[in-house]
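K.L.:
Input target26.pdb, format and content: PDB, C-alpha atoms.
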```
ATOM      1  CA  MET A   1      10.448  27.444 -20.783
ATOM      2  CA  SER A   2      10.401  23.855 -21.907
ATOM      3  CA  LEU A   3       7.296  21.705 -21.841
ATOM      4  CA  GLY A   4       8.733  19.329 -19.245
ATOM      5  CA  LEU A   5       9.566  22.093 -16.802
ATOM      6  CA  SER A   6       6.155  23.733 -17.113
ATOM      7  CA  PHE A   7       4.470  20.361 -16.538
ATOM      8  CA  ASP A   8       6.599  19.803 -13.446
ATOM      9  CA  LEU A   9       5.777  23.254 -12.098
ATOM     10  CA  LEU A  10       2.069  22.635 -12.710
ATOM     11  CA  LEU A  11       2.340  19.243 -11.031
ATOM     12  CA  GLY A  12       4.123  20.669  -7.992
ATOM     13  CA  ALA A  13       1.638  23.494  -7.634
ATOM     14  CA  SER A  14      -1.383  21.205  -7.913
ATOM     15  CA  LEU A  15       0.222  18.771  -5.452
ATOM     16  CA  LEU A  16       0.587  21.530  -2.866
ATOM     17  CA  TRP A  17      -2.884  22.835  -3.645
ATOM     18  CA  SER A  18      -4.598  19.467  -3.297
ATOM     19  CA  GLY A  19      -2.700  18.728  -0.092
ATOM     20  CA  TRP A  20      -3.691  22.061   1.387
ATOM     21  CA  ARG A  21      -7.314  21.710   0.286
ATOM     22  CA  ALA A  22      -7.528  18.173   1.692
ATOM     23  CA  LEU A  23      -6.440  19.498   5.083
ATOM     24  CA  SER A  24      -8.391  22.732   5.095
ATOM     25  CA  THR A  25     -11.754  21.838   3.589
ATOM     26  CA  PRO A  26     -14.440  21.619   6.270
ATOM     27  CA  ARG A  27     -16.417  18.818   4.587
ATOM     28  CA  LEU A  28     -15.145  15.321   5.255
ATOM     29  CA  ASP A  29     -16.298  13.775   1.966
ATOM     30  CA  ARG A  30     -14.596  16.475  -0.065
ATOM     31  CA  ALA A  31     -11.411  16.047   1.988
ATOM     32  CA  LEU A  32     -11.386  12.304   1.231
ATOM     33  CA  VAL A  33     -11.755  12.826  -2.508
ATOM     34  CA  LEU A  34      -9.019  15.459  -2.396
ATOM     35  CA  PHE A  35      -6.796  13.012  -0.521
ATOM     36  CA  ILE A  36      -7.238  10.473  -3.328
ATOM     37  CA  VAL A  37      -6.502  13.195  -5.889
ATOM     38  CA  PHE A  38      -3.388  14.063  -3.891
ATOM     39  CA  GLY A  39      -2.314  10.415  -4.001
ATOM     40  CA  LEU A  40      -2.725  10.228  -7.770
ATOM     41  CA  LEU A  41      -0.782  13.476  -8.274
ATOM     42  CA  MET A  42       1.899  12.056  -5.970
ATOM     43  CA  THR A  43       2.048   8.984  -8.236
ATOM     44  CA  LEU A  44       2.653  11.233 -11.245
ATOM     45  CA  THR A  45       5.320  13.100  -9.302
ATOM     46  CA  TRP A  46       7.181   9.905  -8.429
ATOM     47  CA  ALA A  47       6.969   8.840 -12.064
ATOM     48  CA  ARG A  48       8.425  12.217 -13.119
ATOM     49  CA  LEU A  49      11.201  11.751 -10.561
ATOM     50  CA  ALA A  50      12.130   8.496 -12.359
ATOM     51  CA  ALA A  51      11.057   6.304  -9.425
ATOM     52  CA  PRO A  52       8.486   3.977 -11.031
ATOM     53  CA  ASP A  53       8.669   1.468  -8.161
ATOM     54  CA  ILE A  54       7.485   4.012  -5.629
ATOM     55  CA  ALA A  55       4.925   5.342  -8.125
ATOM     56  CA  LEU A  56       3.373   1.870  -8.441
ATOM     57  CA  ALA A  57       3.262   1.388  -4.678
ATOM     58  CA  GLU A  58       1.807   4.864  -4.142
ATOM     59  CA  ALA A  59      -0.912   4.338  -6.755
ATOM     60  CA  ALA A  60      -1.929   0.935  -5.405
ATOM     61  CA  ILE A  61      -1.598   1.448  -1.651
ATOM     62  CA  GLY A  62      -1.604   5.204  -1.069
ATOM     63  CA  ALA A  63      -4.357   6.293  -3.405
ATOM     64  CA  GLY A  64      -6.253   3.052  -3.976
ATOM     65  CA  LEU A  65      -6.440   1.015  -0.790
ATOM     66  CA  THR A  66      -6.163   3.857   1.714
ATOM     67  CA  GLY A  67      -8.733   5.871  -0.225
ATOM     68  CA  ALA A  68     -11.133   2.929  -0.261
ATOM     69  CA  LEU A  69     -10.616   2.354   3.485
ATOM     70  CA  LEU A  70     -11.236   6.030   4.249
ATOM     71  CA  LEU A  71     -14.372   6.115   2.099
ATOM     72  CA  ASP A  72     -15.643   2.974   3.845
ATOM     73  CA  ALA A  73     -14.977   4.555   7.241
ATOM     74  CA  TYR A  74     -16.828   7.651   6.090
ATOM     75  CA  GLY A  75     -19.790   5.495   5.060
ATOM     76  CA  VAL A  76     -19.882   3.848   8.494
ATOM     77  CA  LEU A  77     -19.665   7.232  10.248
ATOM     78  CA  GLN A  78     -22.473   8.561   8.082
ATOM     79  CA  ALA A  79     -24.660   5.519   8.815
ATOM     80  CA  LYS A  80     -24.051   5.924  12.550
ATOM     81  CA  ARG A  81     -24.996   9.580  12.396
ATOM     82  CA  LEU A  82     -28.167   8.830  10.457
ATOM     83  CA  ALA A  83     -29.105   6.124  12.977
ATOM     84  CA  ALA A  84     -28.481   8.528  15.881
ATOM     85  CA  GLU A  85     -30.604  11.194  14.217
ATOM     86  CA  ALA A  86     -33.416   8.718  13.588
ATOM     87  CA  ARG A  87     -33.415   7.727  17.258
ATOM     88  CA  LYS A  88     -33.942  11.295  18.432
TER      89      LYS A  88
ATOM     90  CA  MET B   1      -5.538  37.526  14.788
ATOM     91  CA  LYS B   2      -4.352  33.969  15.315
ATOM     92  CA  ARG B   3      -3.636  33.773  11.616
ATOM     93  CA  LEU B   4      -1.188  36.670  11.834
ATOM     94  CA  VAL B   5       0.948  34.652  14.247
ATOM     95  CA  VAL B   6       0.557  31.191  12.721
ATOM     96  CA  ILE B   7       1.348  32.016   9.087
ATOM     97  CA  PRO B   8       4.663  33.834   9.746
ATOM     98  CA  ALA B   9       5.641  31.093  12.199
ATOM     99  CA  ALA B  10       4.923  28.413   9.599
ATOM    100  CA  LEU B  11       6.803  30.345   6.910
ATOM    101  CA  PHE B  12       9.762  30.737   9.269
ATOM    102  CA  PHE B  13       9.705  26.989   9.950
ATOM    103  CA  VAL B  14       9.664  26.274   6.200
ATOM    104  CA  LEU B  15      12.616  28.612   5.725
ATOM    105  CA  VAL B  16      14.579  26.884   8.495
ATOM    106  CA  LEU B  17      13.814  23.493   6.979
ATOM    107  CA  ILE B  18      14.974  24.616   3.521
ATOM    108  CA  LEU B  19      18.163  26.080   4.994
ATOM    109  CA  ALA B  20      18.817  22.842   6.908
ATOM    110  CA  LEU B  21      18.273  20.836   3.710
ATOM    111  CA  VAL B  22      20.694  23.038   1.781
ATOM    112  CA  ASP B  23      23.198  22.809   4.626
ATOM    113  CA  LEU B  24      23.032  19.016   4.768
ATOM    114  CA  ALA B  25      26.354  17.328   4.046
ATOM    115  CA  PRO B  26      26.429  14.893   1.110
ATOM    116  CA  PRO B  27      26.111  11.212   2.111
ATOM    117  CA  ALA B  28      29.359   9.825   3.476
ATOM    118  CA  PHE B  29      29.598   7.112   0.864
ATOM    119  CA  ASP B  30      27.704   6.259  -2.282
ATOM    120  CA  LEU B  31      25.933   2.893  -2.185
ATOM    121  CA  ARG B  32      24.971   2.871  -5.852
ATOM    122  CA  PRO B  33      28.228   1.457  -7.267
ATOM    123  CA  LEU B  34      28.153  -1.282  -4.598
ATOM    124  CA  VAL B  35      24.647  -2.263  -5.679
ATOM    125  CA  ALA B  36      25.596  -2.192  -9.357
ATOM    126  CA  GLU B  37      28.765  -4.250  -8.811
ATOM    127  CA  ASN B  38      26.991  -7.055  -6.972
ATOM    128  CA  LEU B  39      23.885  -7.133  -9.159
ATOM    129  CA  ALA B  40      25.192 -10.127 -11.089
ATOM    130  CA  SER B  41      25.328 -12.337  -7.996
ATOM    131  CA  SER B  42      22.012 -11.141  -6.535
ATOM    132  CA  GLY B  43      19.853 -13.356  -8.743
ATOM    133  CA  VAL B  44      17.748 -10.516 -10.183
ATOM    134  CA  ALA B  45      18.400  -7.830 -12.771
ATOM    135  CA  HIS B  46      16.500  -4.929 -11.174
ATOM    136  CA  PRO B  47      18.445  -3.014  -8.499
ATOM    137  CA  VAL B  48      15.366  -2.157  -6.401
ATOM    138  CA  THR B  49      14.323  -5.806  -6.167
ATOM    139  CA  ALA B  50      17.927  -6.770  -5.428
ATOM    140  CA  VAL B  51      18.021  -4.341  -2.497
ATOM    141  CA  LEU B  52      14.576  -5.331  -1.184
ATOM    142  CA  LEU B  53      14.952  -9.109  -1.395
ATOM    143  CA  ASN B  54      18.658  -9.772  -1.317
ATOM    144  CA  TYR B  55      20.856  -7.112   0.288
ATOM    145  CA  ARG B  56      18.167  -5.928   2.673
ATOM    146  CA  ALA B  57      15.995  -9.052   2.785
ATOM    147  CA  TYR B  58      15.898  -8.894   6.575
ATOM    148  CA  ASP B  59      14.029  -5.557   6.418
ATOM    149  CA  THR B  60      11.484  -6.997   4.010
ATOM    150  CA  LEU B  61      11.029 -10.006   6.286
ATOM    151  CA  LEU B  62      10.245  -7.690   9.177
ATOM    152  CA  GLU B  63       7.937  -5.587   6.992
ATOM    153  CA  ILE B  64       5.674  -8.500   6.148
ATOM    154  CA  GLY B  65       5.763  -9.460   9.819
ATOM    155  CA  VAL B  66       4.638  -5.956  10.790
ATOM    156  CA  LEU B  67       1.778  -6.052   8.283
ATOM    157  CA  LEU B  68       0.655  -9.419   9.626
ATOM    158  CA  LEU B  69       0.818  -8.021  13.158
ATOM    159  CA  ALA B  70      -1.262  -4.998  12.107
ATOM    160  CA  LEU B  71      -3.962  -7.267  10.721
ATOM    161  CA  MET B  72      -3.956  -9.329  13.923
ATOM    162  CA  ALA B  73      -4.323  -6.141  15.955
ATOM    163  CA  ILE B  74      -7.299  -5.134  13.806
ATOM    164  CA  LEU B  75      -8.858  -8.559  14.290
ATOM    165  CA  ALA B  76      -8.277  -8.271  18.034
ATOM    166  CA  VAL B  77      -9.840  -4.835  18.486
ATOM    167  CA  SER B  78     -12.577  -4.919  15.843
ATOM    168  CA  GLY B  79     -14.956  -6.510  18.318
ATOM    169  CA  SER B  80     -16.424  -9.958  18.600
ATOM    170  CA  PRO B  81     -17.087 -11.424  15.197
ATOM    171  CA  ARG B  82     -20.700 -12.115  14.466
ATOM    172  CA  THR B  83     -21.735 -15.680  14.825
ATOM    173  CA  THR B  84     -24.921 -15.204  12.858
ATOM    174  CA  SER B  85     -24.531 -15.981   9.188
ATOM    175  CA  ASN B  86     -24.818 -12.407   8.048
ATOM    176  CA  THR B  87     -23.187 -12.866   4.694
ATOM    177  CA  SER B  88     -26.112 -11.842   2.508
ATOM    178  CA  LEU B  89     -24.728  -9.720  -0.273
ATOM    179  CA  SER B  90     -26.248  -6.368  -0.932
ATOM    180  CA  ALA B  91     -27.894  -6.512  -4.310
ATOM    181  CA  SER B  92     -25.895  -4.097  -6.378
ATOM    182  CA  ASP B  93     -26.221  -2.607  -9.804
ATOM    183  CA  PRO B  94     -26.018  -5.363 -12.474
ATOM    184  CA  LEU B  95     -23.798  -3.094 -14.563
ATOM    185  CA  LEU B  96     -21.338  -2.722 -11.651
ATOM    186  CA  ALA B  97     -21.349  -6.465 -11.053
ATOM    187  CA  MET B  98     -20.642  -7.133 -14.732
ATOM    188  CA  LEU B  99     -17.779  -4.610 -14.780
ATOM    189  CA  GLY B 100     -16.350  -6.271 -11.675
ATOM    190  CA  ARG B 101     -16.520  -9.655 -13.363
ATOM    191  CA  ILE B 102     -14.739  -8.288 -16.440
ATOM    192  CA  ALA B 103     -12.035  -6.531 -14.404
ATOM    193  CA  ALA B 104     -11.251  -9.493 -12.135
ATOM    194  CA  PRO B 105      -9.310 -11.752 -14.553
ATOM    195  CA  VAL B 106      -7.448  -8.766 -16.030
ATOM    196  CA  MET B 107      -6.329  -7.682 -12.558
ATOM    197  CA  VAL B 108      -5.126 -11.189 -11.706
ATOM    198  CA  VAL B 109      -3.039 -11.178 -14.901
ATOM    199  CA  VAL B 110      -1.665  -7.723 -14.025
ATOM    200  CA  ALA B 111      -0.702  -8.945 -10.542
ATOM    201  CA  VAL B 112       1.141 -11.980 -11.912
ATOM    202  CA  TYR B 113       2.839  -9.796 -14.513
ATOM    203  CA  LEU B 114       3.989  -7.319 -11.843
ATOM    204  CA  LEU B 115       5.360 -10.187  -9.771
ATOM    205  CA  TRP B 116       7.249 -11.571 -12.763
ATOM    206  CA  ALA B 117       8.417  -8.130 -13.929
ATOM    207  CA  GLY B 118       9.945  -7.440 -10.509
ATOM    208  CA  THR B 119      13.012  -9.485 -11.386
ATOM    209  CA  SER B 120      14.068  -7.255 -14.269
ATOM    210  CA  ARG B 121      12.132  -3.969 -14.166
ATOM    211  CA  PRO B 122       9.848  -1.968 -11.824
ATOM    212  CA  GLY B 123       7.308  -4.213 -10.157
ATOM    213  CA  GLY B 124       7.505  -6.762  -7.416
ATOM    214  CA  ALA B 125       5.651  -8.510  -4.645
ATOM    215  CA  PHE B 126       4.276  -5.462  -2.844
ATOM    216  CA  GLN B 127       2.761  -3.936  -5.959
ATOM    217  CA  ALA B 128       1.364  -7.278  -7.131
ATOM    218  CA  GLY B 129      -0.114  -7.924  -3.686
ATOM    219  CA  ALA B 130      -1.686  -4.471  -3.671
ATOM    220  CA  VAL B 131      -3.324  -5.174  -7.038
ATOM    221  CA  LEU B 132      -4.734  -8.450  -5.688
ATOM    222  CA  ALA B 133      -6.039  -6.618  -2.614
ATOM    223  CA  ALA B 134      -7.588  -3.926  -4.798
ATOM    224  CA  LEU B 135      -9.308  -6.684  -6.758
ATOM    225  CA  ALA B 136     -10.810  -8.108  -3.562
ATOM    226  CA  VAL B 137     -11.981  -4.640  -2.486
ATOM    227  CA  LEU B 138     -13.488  -4.038  -5.928
ATOM    228  CA  LEU B 139     -15.350  -7.346  -5.842
ATOM    229  CA  HIS B 140     -16.583  -6.539  -2.341
ATOM    230  CA  LEU B 141     -17.830  -3.089  -3.342
ATOM    231  CA  THR B 142     -19.612  -4.423  -6.412
ATOM    232  CA  GLY B 143     -21.375  -6.956  -4.203
ATOM    233  CA  LEU B 144     -19.689 -10.083  -5.579
ATOM    234  CA  LEU B 145     -17.591 -10.935  -2.530
ATOM    235  CA  ALA B 146     -18.962 -10.960   1.009
ATOM    236  CA  GLY B 147     -17.091  -9.269   3.857
ATOM    237  CA  TRP B 148     -14.966 -11.712   5.830
ATOM    238  CA  GLN B 149     -16.267 -12.792   9.207
ATOM    239  CA  GLN B 150     -13.678 -14.821  11.048
ATOM    240  CA  PRO B 151     -10.600 -16.223   9.342
ATOM    241  CA  GLY B 152     -10.953 -19.948   8.749
ATOM    242  CA  VAL B 153      -8.047 -22.377   8.659
ATOM    243  CA  ARG B 154      -7.301 -21.879   4.956
ATOM    244  CA  LEU B 155      -7.440 -18.097   5.196
ATOM    245  CA  ARG B 156      -5.157 -18.151   8.231
ATOM    246  CA  TRP B 157      -2.596 -20.216   6.358
ATOM    247  CA  GLY B 158      -2.888 -17.829   3.414
ATOM    248  CA  LEU B 159      -2.398 -14.757   5.614
ATOM    249  CA  ALA B 160       0.615 -16.145   7.431
ATOM    250  CA  GLY B 161       1.992 -18.231   4.550
ATOM    251  CA  GLY B 162       4.193 -15.559   2.967
ATOM    252  CA  PHE B 163       5.840 -14.747   6.286
ATOM    253  CA  LEU B 164       6.262 -18.432   7.150
ATOM    254  CA  LEU B 165       7.755 -19.207   3.740
ATOM    255  CA  PHE B 166      10.156 -16.271   3.992
ATOM    256  CA  LEU B 167      11.117 -17.266   7.526
ATOM    257  CA  SER B 168      11.629 -20.934   6.676
ATOM    258  CA  VAL B 169      13.803 -20.065   3.653
ATOM    259  CA  GLY B 170      15.821 -17.801   5.952
ATOM    260  CA  ALA B 171      16.140 -20.534   8.582
ATOM    261  CA  LEU B 172      17.135 -23.093   5.961
ATOM    262  CA  LEU B 173      19.827 -20.750   4.653
ATOM    263  CA  LEU B 174      20.983 -20.213   8.232
ATOM    264  CA  LEU B 175      21.565 -23.954   8.505
ATOM    265  CA  VAL B 176      23.077 -24.443   5.038
ATOM    266  CA  GLU B 177      24.988 -21.210   4.455
ATOM    267  CA  GLY B 178      25.608 -20.282   8.064
ATOM    268  CA  GLU B 179      23.975 -16.867   7.793
ATOM    269  CA  LEU B 180      20.356 -15.699   7.808
ATOM    270  CA  LEU B 181      19.105 -15.010   4.257
ATOM    271  CA  ARG B 182      22.469 -15.295   2.512
ATOM    272  CA  TYR B 183      21.420 -16.817  -0.789
ATOM    273  CA  PRO B 184      23.878 -18.954  -2.709
ATOM    274  CA  PRO B 185      24.345 -16.987  -5.974
ATOM    275  CA  ALA B 186      23.457 -19.996  -8.139
ATOM    276  CA  HIS B 187      19.990 -20.381  -6.607
ATOM    277  CA  ALA B 188      19.321 -16.776  -5.603
ATOM    278  CA  GLY B 189      16.943 -16.067  -8.500
ATOM    279  CA  VAL B 190      14.741 -19.095  -7.806
ATOM    280  CA  LEU B 191      14.664 -18.462  -4.060
ATOM    281  CA  ILE B 192      13.743 -14.801  -4.551
ATOM    282  CA  LEU B 193      10.940 -15.697  -6.964
ATOM    283  CA  LEU B 194       9.651 -18.314  -4.502
ATOM    284  CA  ILE B 195       9.648 -15.818  -1.629
ATOM    285  CA  GLU B 196       8.051 -13.128  -3.781
ATOM    286  CA  SER B 197       5.249 -15.468  -4.881
ATOM    287  CA  GLY B 198       4.440 -16.272  -1.272
ATOM    288  CA  LEU B 199       4.666 -12.605  -0.335
ATOM    289  CA  THR B 200       2.316 -11.585  -3.158
ATOM    290  CA  LEU B 201      -0.412 -13.983  -2.066
ATOM    291  CA  SER B 202      -0.110 -13.154   1.630
ATOM    292  CA  LEU B 203       0.161  -9.409   1.061
ATOM    293  CA  GLY B 204      -2.906  -9.480  -1.170
ATOM    294  CA  LEU B 205      -4.867 -11.315   1.520
ATOM    295  CA  ILE B 206      -3.553  -9.114   4.357
ATOM    296  CA  LEU B 207      -4.254  -5.820   2.578
ATOM    297  CA  ALA B 208      -7.657  -7.101   1.448
ATOM    298  CA  GLY B 209      -8.277  -8.255   5.010
ATOM    299  CA  LEU B 210      -7.711  -4.717   6.301
ATOM    300  CA  PHE B 211     -10.789  -3.794   4.275
ATOM    301  CA  LEU B 212     -12.910  -6.930   4.301
ATOM    302  CA  PHE B 213     -12.640  -7.802   8.009
ATOM    303  CA  LEU B 214     -13.578  -4.267   8.990
ATOM    304  CA  SER B 215     -16.655  -4.188   6.792
ATOM    305  CA  HIS B 216     -18.195  -7.260   8.415
ATOM    306  CA  ASP B 217     -21.051  -5.106   9.627
ATOM    307  CA  GLN B 218     -22.308  -5.018   6.057
ATOM    308  CA  GLY B 219     -25.805  -6.070   7.076
ATOM    309  CA  GLY B 220     -26.015  -3.463   9.849
ATOM    310  CA  PRO B 221     -27.847  -0.154   9.671
ATOM    311  CA  ARG B 222     -26.750   1.262   6.405
TER     312      ARG B 222
END
```
Could you render the structure as structure tokens?

P.N.:
Amino acid sequence: MSLGLSFDLLLGASLLWSGWRALSTPRLDRALVLFIVFGLLMTLTWARLAAPDIALAEAAIGAGLTGALLLDAYGVLQAKRLAAEARK
Amino acid sequence: MKRLVVIPAALFFVLVLILALVDLAPPAFDLRPLVAENLASSGVAHPVTAVLLNYRAYDTLLEIGVLLLALMAILAVSGSPRTTSNTSLSASDPLLAMLGRIAAPVMVVVAVYLLWAGTSRPGGAFQAGAVLAALAVLLHLTGLLAGWQQPGVRLRWGLAGGFLLFLSVGALLLLVEGELLRYPPAHAGVLILLIESGLTLSLGLILAGLFLFLSHDQGGPR
């Protein structure tokens, strides 16, 4: 088995794994981090598929901006929950 | 118990999908030779950029319009903007702030490079705009750039400028060439670079706005 093929198999397996974990993990913060990991693995996959244009867009928009937006939303949710708990 | 039903059903669905994919007829005609043949008259040397900004420029025009519309929708539903001057920056780690200051000029150079590279190799306006937006988000998170309150006149022009520029070039070509966005081959390269520059700036501001307008409650309970 050549090195390239084994890397691709590893990449595909970890892509599926991170996607599944991001959907199935019960903790929201962990799911967000796994989503960003999924985006970065997706970038590598596009690069391996010889589509550098899509890889660039995926890295910048899919993993970077969307991840930052989701983390910000998580921060706001967390702050709201803390405020609600403090009011009780 | 539920799992016993769901997992076989999902596996069956996957199998059907794979079979459908294998069964799919090959595309009726191959567009690649058409793209390669007309690359010389498209004004750029990279086929992806040629498709995005020449052959299918109309789609790209609508895309930037959709993004602008999305930002307007966010501005419309994100509640009344605060009138109080709540722009005090959260004092952040000095190390983070310094790293942000070091990264900023490098990222601007990367964005301009990506824009320029788009004419001959992978790159282009969307990627460059995303890098600019990421820079704004980074500066915001390191506490160097305040969240945006309400778009002022200059910011509004910046947000809509790329779309307006694209649209006015298209309208001009409609008058001169008789067809929307049909570039004359001699000036295609310059026109595409002009449109892409406008797109980069506007896309950077729009994508950054998605983040910075929404985090205007920076000074709230946090």

K.L.:
Check what the ChimeraX specification (/A :<10) & /B selects in the file above and give those residues as a JSON list (two decimals) with C-alpha atoms, in the coordinates of the input.

P.N.:
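Okay, this is what ended up in expr-v9.json:
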```json
[["chain", "number", "residue", "atom", "x", "y", "z"],
["B", 48, "VAL", "CA", 15.37, -2.16, -6.40],
["B", 49, "THR", "CA", 14.32, -5.81, -6.17],
["B", 114, "LEU", "CA", 3.99, -7.32, -11.84],
["B", 118, "GLY", "CA", 9.94, -7.44, -10.51],
["B", 121, "ARG", "CA", 12.13, -3.97, -14.17],
["B", 122, "PRO", "CA", 9.85, -1.97, -11.82],
["B", 123, "GLY", "CA", 7.31, -4.21, -10.16],
["B", 124, "GLY", "CA", 7.50, -6.76, -7.42],
["B", 126, "PHE", "CA", 4.28, -5.46, -2.84],
["B", 127, "GLN", "CA", 2.76, -3.94, -5.96],
["B", 128, "ALA", "CA", 1.36, -7.28, -7.13],
["B", 129, "GLY", "CA", -0.11, -7.92, -3.69],
["B", 130, "ALA", "CA", -1.69, -4.47, -3.67],
["B", 131, "VAL", "CA", -3.32, -5.17, -7.04],
["B", 132, "LEU", "CA", -4.73, -8.45, -5.69],
["B", 133, "ALA", "CA", -6.04, -6.62, -2.61],
["B", 134, "ALA", "CA", -7.59, -3.93, -4.80],
["B", 137, "VAL", "CA", -11.98, -4.64, -2.49],
["B", 138, "LEU", "CA", -13.49, -4.04, -5.93],
["B", 141, "LEU", "CA", -17.83, -3.09, -3.34],
["B", 207, "LEU", "CA", -4.25, -5.82, 2.58],
["B", 208, "ALA", "CA", -7.66, -7.10, 1.45],
["B", 210, "LEU", "CA", -7.71, -4.72, 6.30],
["B", 211, "PHE", "CA", -10.79, -3.79, 4.28],
["B", 212, "LEU", "CA", -12.91, -6.93, 4.30],
["B", 214, "LEU", "CA", -13.58, -4.27, 8.99],
["B", 215, "SER", "CA", -16.66, -4.19, 6.79],
["B", 217, "ASP", "CA", -21.05, -5.11, 9.63],
["B", 218, "GLN", "CA", -22.31, -5.02, 6.06],
["B", 220, "GLY", "CA", -26.02, -3.46, 9.85],
["B", 221, "PRO", "CA", -27.85, -0.15, 9.67],
["B", 222, "ARG", "CA", -26.75, 1.26, 6.40]]
```

K.L.:
Give me the residues within 9 Å of Leu167 of chain B as an NGL selection string, counting all atoms listed in the file and dropping any in the same chain fewer than 5 places off.

P.N.:
:B and (61 or 162 or 172 or 181)

K.L.:
Which neighbours of Leu28 of chain A fall inside 12 Å, counting all atoms listed in the file, when residues of the same chain fewer than 3 positions from it are skipped, and could you give them as a PDB file with C-alpha atoms, keeping the file's coordinate frame?

P.N.:
```pdb
ATOM      1  CA  ARG A  21      -7.314  21.710   0.286  1.00  0.00           C
ATOM      2  CA  ALA A  22      -7.528  18.173   1.692  1.00  0.00           C
ATOM      3  CA  LEU A  23      -6.440  19.498   5.083  1.00  0.00           C
ATOM      4  CA  SER A  24      -8.391  22.732   5.095  1.00  0.00           C
ATOM      5  CA  THR A  25     -11.754  21.838   3.589  1.00  0.00           C
ATOM      6  CA  ALA A  31     -11.411  16.047   1.988  1.00  0.00           C
ATOM      7  CA  LEU A  32     -11.386  12.304   1.231  1.00  0.00           C
ATOM      8  CA  VAL A  33     -11.755  12.826  -2.508  1.00  0.00           C
ATOM      9  CA  LEU A  34      -9.019  15.459  -2.396  1.00  0.00           C
ATOM     10  CA  PHE A  35      -6.796  13.012  -0.521  1.00  0.00           C
ATOM     11  CA  LEU A  70     -11.236   6.030   4.249  1.00  0.00           C
ATOM     12  CA  LEU A  71     -14.372   6.115   2.099  1.00  0.00           C
ATOM     13  CA  ALA A  73     -14.977   4.555   7.241  1.00  0.00           C
ATOM     14  CA  TYR A  74     -16.828   7.651   6.090  1.00  0.00           C
ATOM     15  CA  GLY A  75     -19.790   5.495   5.060  1.00  0.00           C
ATOM     16  CA  LEU A  77     -19.665   7.232  10.248  1.00  0.00           C
ATOM     17  CA  GLN A  78     -22.473   8.561   8.082  1.00  0.00           C
TER      18      GLN A  78
END
```

K.L.:
Return as a ChimeraX atom specification the set of residues that the PyMOL selection byres ((chain B and resi 120) around 7) yields on the displayed structure.

P.N.:
/B:44-46,117-119,121

K.L.:
To test your reading of the syntax: which residues would the PyMOL selection byres ((chain A and resi 38) around 9) return for the file shown? Reply as a list of chain:residue names.

P.N.:
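This file gives the following for the PyMOL selection byres ((chain A and resi 38) around 9): A:Ser14, A:Leu15, A:Leu16, A:Trp17, A:Ser18, A:Gly19, A:Ala22, A:Val33, A:Leu34, A:Phe35, A:Ile36, A:Val37, A:Gly39, A:Leu40, A:Leu41, A:Met42, A:Thr43, A:Ala63.
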
K.L.:
Please, what distance in Å, to one decimal, runs between atom CA of Thr142 of chain B and atom CA of Ala103 of chain B?

P.N.:
11.2 Å

K.L.:
Quick check, in Å to one decimal: how far apart do atom CA of Phe166 of chain B and atom CA of Trp46 of chain A lie?

P.N.:
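Between atom CA of Phe166 of chain B and atom CA of Trp46 of chain A the gap is 29.1 Å.
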
K.L.:
Record the distance separating atom CA of Leu174 of chain B and atom CA of Gly65 of chain B, expressed in Å with one decimal.

P.N.:
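Computing the Euclidean distance for atom CA of Leu174 of chain B and atom CA of Gly65 of chain B yields 18.7 Å.
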
K.L.:
Counting only C-alpha atoms, what is within 12 Å of Arg56 of chain B, bar same-chain residues fewer than 6 positions away, as a ChimeraX atom specification?

P.N.:
/B:35,42,47-50,62-63,180-183

K.L.:
So that I can see what lies close to segment 71-75 of chain B, please list as a list of chain:residue names the residues with an atom at most 12 Å from it, counting only C-alpha atoms and leaving out residues fewer than 4 positions away in the same chain.

P.N.:
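Skipping anything fewer than 4 positions along the chain leaves B:Ile64, B:Gly65, B:Val66, B:Leu67, B:Gly79, B:Ser80, B:Pro81, B:Trp148, B:Gln149, B:Gln150, B:Pro151, B:Arg156, B:Leu159, B:Ala160, B:Ser202, B:Leu203, B:Leu205, B:Ile206, B:Leu207, B:Ala208, B:Gly209, B:Leu210, B:Phe211, B:Leu212, B:Phe213, B:Leu214, B:Ser215, B:His216.
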
K.L.:
Nearest to Tyr113 of chain B among B:Asn54, B:Ser197, B:Asn38, B:Thr60, with distances taken over all atoms listed in the file: which residue is it?

P.N.:
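Closest residue, counting all atoms listed in the file: B:Ser197.
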
K.L.:
How big is the axis-aligned box, and where does its centre sit, when it encloses all atoms of segment 37-48 of chain A listed in the file and has 5 Å added on every side, reported in Å to one decimal as JSON?

P.N.:
```
{"center_x": 1.0, "center_y": 11.5, "center_z": -8.5, "size_x": 24.9, "size_y": 15.2, "size_z": 19.2}
```
